[in-house]
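In what follows, a single structure is set out as C-alpha cells and then discussed.
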Amino acid sequence: MALKIWLDGRLVNEADAKISVFDHGLLYGDGVFEGIRVYNKRVFELEAHIDRLYQSAKGIRLEIPMSTSSLTSAAEETVKSNGIIDGYIRLVVTRGIGTLGINPFVCENPKVFIIADSIQLYPEELYETGMKIISATTVRNHPLSIPPQAKSLNYLNNILAKIEALDSNVPEAVMYNHEGYVAEATGDNVFIVRKGMVFTPPPESGGLEGITRNIVIGLARKEGLEVSEKNLTRFDLYVSDELFLTGTAAEVIGVVEIDGRVIGDGKPGPITKLLRKKFFEYAHGKEK
Ligand code: PMP
C-alpha cells in the first residue's frame, strides 16, 4: 500500500514526496535524522528522539523550521494516517535547496519529511541463537570531525564498517575510536557483561548516545545490576561473559562470536535475555 509521507507541512502521496537534486541533504549528506519505533500505535520515546534531533541540528548549525511540539504532532499524525500499529518512523531534516557549492547558508529552507512504515526486523531466530560480528578496521569518526553524537545524514563512516561486516558474512561490526577503544556498532550501542557487572562505553568514546542504550541502563539498574560506563578495549569484548547490542531497530540482541572468539557458551547469556525481556515489557507498556 502506498504510504502517506509528511513533507513540508502536509501529508502527500508517496509518489509525490519529492526532494530536489539540489538539496544539500542529497548533495553533501548535510542534515540530521532520527529513527523511532512505534509499539502498539504509541510512538516510543518520542520526546527523547525529538530532543536529540534538535541537538544534532544545533550542533551543525541547522535551524529546524518548526517548533518541537508541531514536529511531535506531525510525527504522530503521520503514524495515524498510515495506520501503523507496530512500525518505524524516519524523521529527516535536510539543509534544503542550495547551489552546487557546499555553503550551507545559501540554503534558505530546510526540508522536513517524515516516513512512517513497517519495519524489517532481524529474524526472530537471530535473537534466539545470537549474532556473530566482527571488529571493523574503519575507525569511528574523530569527535572533532563529524561528531558521532550528532545523528547526521552523513553515514559513510558507518557504511564503510557495515561493508566490512557484510563482506565477512555477518550483519554487524564494532567500530573503535581513534584511541582504540570501543565506540559503538554501525547502528547500535555495545554492552558487555563481566562477572555479573554490565559495562558500556561512555558517550565520549565516540558513539551516539543511544536512546535504547539509556533505557537499558535504567532497566538494568532497576534489576539491581551494577552498570558502569567505561572505556572498553577489543580484548574486553573478547573475554566478556556476555556481549549484546542495543538500538531502536535491533532492540536488545545478543552477540555470541566476535572475530572468531566465542562469547560465553556461544548462546545469548542470562543477563542479555533478562534485559531483552525487560525492554520488551517496557516498550509495550507492561513493565512493573
Ligand atoms: N549508534 C548509531 C550509529 C546509530 O545509528 C544508532 C541508531 N540510531 C544507535 C547507535 C542506537 O541509538 P538508538 O538506541 O537511539 O536507536
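By convention in this document, the chains of the C-alpha cells carry letters A, B, ... by their order, each chain's residues are numbered from 1, and ligands are numbered from 1 in the order they are shown.
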Excluding Leu126 in chain A and any residue of its chain fewer than 2 positions from it, enumerate the residues within 12 Å of it, using only C-alpha atoms, and give them as number ranges by chain.
A: 121-124, 128-132, 170-171, 250, 252-256, 267-268
Collect all residues with atoms no farther than 8 Å from ligand 1, counting only C-alpha atoms and all ligand atoms, and output them as number ranges by chain.
A: 34-36, 49, 148, 151, 158, 184-189, 207-214, 246-249, 251
Which of range 12-188 of chain A fall in strand (DSSP E), as a PyMOL selection string:
chain A and resi 12-13+31-39+42-43+87-94+111-117+131-135+172-176+182-185
May I ask which of the residues A:Ile102, A:Val182, A:Ala283, A:Ile159 is the closest one to Leu232 in chain A, counting only C-alpha atoms?
A:Val182
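Excluding Val21 in chain A itself and same-chain residues fewer than 3 positions from it, the residues having an atom within 12 Å of it are Lys18, His24, Gly25, Leu26, Leu27, Tyr28, Gly96, Ile97, Gly98, Thr99 and Leu100 of chain A, counting only C-alpha atoms.
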Take the residues from that selection and put them in a file with all heavy atoms, as a PDB file, in the first residue's frame.
ATOM      1  N   LYS A  18       8.719  14.376  -3.138  1.00  0.00           N
ATOM      2  CA  LYS A  18       9.958  14.533  -3.912  1.00  0.00           C
ATOM      3  C   LYS A  18      10.849  15.614  -3.330  1.00  0.00           C
ATOM      4  O   LYS A  18      10.379  16.619  -2.817  1.00  0.00           O
ATOM      5  CB  LYS A  18       9.611  14.872  -5.354  1.00  0.00           C
ATOM      6  CG  LYS A  18       8.989  13.672  -6.048  1.00  0.00           C
ATOM      7  CD  LYS A  18       8.719  13.942  -7.499  1.00  0.00           C
ATOM      8  CE  LYS A  18       8.123  12.702  -8.140  1.00  0.00           C
ATOM      9  NZ  LYS A  18       7.159  13.013  -9.177  1.00  0.00           N
ATOM     10  N   HIS A  24      20.960  19.959  -0.285  1.00  0.00           N
ATOM     11  CA  HIS A  24      22.271  19.632   0.273  1.00  0.00           C
ATOM     12  C   HIS A  24      22.263  18.370   1.132  1.00  0.00           C
ATOM     13  O   HIS A  24      23.319  17.813   1.423  1.00  0.00           O
ATOM     14  CB  HIS A  24      22.834  20.826   1.045  1.00  0.00           C
ATOM     15  CG  HIS A  24      23.453  21.856   0.153  1.00  0.00           C
ATOM     16  ND1 HIS A  24      24.418  22.738   0.560  1.00  0.00           N
ATOM     17  CD2 HIS A  24      23.241  22.127  -1.181  1.00  0.00           C
ATOM     18  CE1 HIS A  24      24.784  23.510  -0.449  1.00  0.00           C
ATOM     19  NE2 HIS A  24      24.066  23.169  -1.512  1.00  0.00           N
ATOM     20  N   GLY A  25      21.071  17.936   1.528  1.00  0.00           N
ATOM     21  CA  GLY A  25      20.981  16.643   2.211  1.00  0.00           C
ATOM     22  C   GLY A  25      21.454  15.540   1.269  1.00  0.00           C
ATOM     23  O   GLY A  25      22.172  14.615   1.672  1.00  0.00           O
ATOM     24  N   LEU A  26      21.076  15.676   0.009  1.00  0.00           N
ATOM     25  CA  LEU A  26      21.470  14.698  -1.010  1.00  0.00           C
ATOM     26  C   LEU A  26      22.882  14.977  -1.532  1.00  0.00           C
ATOM     27  O   LEU A  26      23.702  14.068  -1.647  1.00  0.00           O
ATOM     28  CB  LEU A  26      20.452  14.743  -2.155  1.00  0.00           C
ATOM     29  CG  LEU A  26      20.752  13.901  -3.389  1.00  0.00           C
ATOM     30  CD1 LEU A  26      20.803  12.414  -3.024  1.00  0.00           C
ATOM     31  CD2 LEU A  26      19.681  14.125  -4.448  1.00  0.00           C
ATOM     32  N   LEU A  27      23.174  16.234  -1.823  1.00  0.00           N
ATOM     33  CA  LEU A  27      24.476  16.556  -2.429  1.00  0.00           C
ATOM     34  C   LEU A  27      25.635  16.333  -1.460  1.00  0.00           C
ATOM     35  O   LEU A  27      26.712  15.929  -1.865  1.00  0.00           O
ATOM     36  CB  LEU A  27      24.491  18.011  -2.918  1.00  0.00           C
ATOM     37  CG  LEU A  27      23.683  18.311  -4.181  1.00  0.00           C
ATOM     38  CD1 LEU A  27      23.720  19.811  -4.487  1.00  0.00           C
ATOM     39  CD2 LEU A  27      24.227  17.537  -5.379  1.00  0.00           C
ATOM     40  N   TYR A  28      25.392  16.610  -0.150  1.00  0.00           N
ATOM     41  CA  TYR A  28      26.520  16.573   0.799  1.00  0.00           C
ATOM     42  C   TYR A  28      26.250  15.803   2.086  1.00  0.00           C
ATOM     43  O   TYR A  28      27.077  15.825   2.993  1.00  0.00           O
ATOM     44  CB  TYR A  28      26.933  18.018   1.154  1.00  0.00           C
ATOM     45  CG  TYR A  28      27.391  18.782  -0.068  1.00  0.00           C
ATOM     46  CD1 TYR A  28      26.696  19.894  -0.529  1.00  0.00           C
ATOM     47  CD2 TYR A  28      28.518  18.354  -0.781  1.00  0.00           C
ATOM     48  CE1 TYR A  28      27.106  20.566  -1.671  1.00  0.00           C
ATOM     49  CE2 TYR A  28      28.923  19.023  -1.920  1.00  0.00           C
ATOM     50  CZ  TYR A  28      28.223  20.126  -2.361  1.00  0.00           C
ATOM     51  OH  TYR A  28      28.629  20.779  -3.487  1.00  0.00           O
ATOM     52  N   GLY A  96      18.325  21.754   2.826  1.00  0.00           N
ATOM     53  CA  GLY A  96      17.450  22.392   1.828  1.00  0.00           C
ATOM     54  C   GLY A  96      18.160  22.639   0.511  1.00  0.00           C
ATOM     55  O   GLY A  96      19.312  22.232   0.318  1.00  0.00           O
ATOM     56  N   ILE A  97      17.455  23.316  -0.371  1.00  0.00           N
ATOM     57  CA  ILE A  97      17.978  23.545  -1.721  1.00  0.00           C
ATOM     58  C   ILE A  97      19.028  24.646  -1.703  1.00  0.00           C
ATOM     59  O   ILE A  97      18.808  25.724  -1.147  1.00  0.00           O
ATOM     60  CB  ILE A  97      16.825  23.937  -2.679  1.00  0.00           C
ATOM     61  CG1 ILE A  97      15.840  22.769  -2.796  1.00  0.00           C
ATOM     62  CG2 ILE A  97      17.363  24.351  -4.053  1.00  0.00           C
ATOM     63  CD1 ILE A  97      14.572  23.116  -3.552  1.00  0.00           C
ATOM     64  N   GLY A  98      20.182  24.337  -2.321  1.00  0.00           N
ATOM     65  CA  GLY A  98      21.251  25.330  -2.398  1.00  0.00           C
ATOM     66  C   GLY A  98      21.883  25.325  -3.763  1.00  0.00           C
ATOM     67  O   GLY A  98      21.272  24.886  -4.741  1.00  0.00           O
ATOM     68  N   THR A  99      23.120  25.798  -3.798  1.00  0.00           N
ATOM     69  CA  THR A  99      23.850  25.795  -5.068  1.00  0.00           C
ATOM     70  C   THR A  99      24.734  24.556  -5.093  1.00  0.00           C
ATOM     71  O   THR A  99      24.694  23.737  -4.174  1.00  0.00           O
ATOM     72  CB  THR A  99      24.752  27.044  -5.154  1.00  0.00           C
ATOM     73  OG1 THR A  99      25.679  26.972  -4.061  1.00  0.00           O
ATOM     74  CG2 THR A  99      23.945  28.321  -5.044  1.00  0.00           C
ATOM     75  N   LEU A 100      25.587  24.458  -6.106  1.00  0.00           N
ATOM     76  CA  LEU A 100      26.475  23.290  -6.174  1.00  0.00           C
ATOM     77  C   LEU A 100      27.684  23.428  -5.247  1.00  0.00           C
ATOM     78  O   LEU A 100      28.430  22.482  -5.075  1.00  0.00           O
ATOM     79  CB  LEU A 100      26.906  23.022  -7.613  1.00  0.00           C
ATOM     80  CG  LEU A 100      25.797  22.461  -8.509  1.00  0.00           C
ATOM     81  CD1 LEU A 100      26.310  22.246  -9.935  1.00  0.00           C
ATOM     82  CD2 LEU A 100      25.225  21.157  -7.966  1.00  0.00           C
TER      83      LEU A 100
END
Point out the residue among A:Ile64, A:Ala48, A:Ala2, A:Ala173 with the least atom-to-atom distance to Ile215 in chain A, counting only C-alpha atoms.
A:Ala48
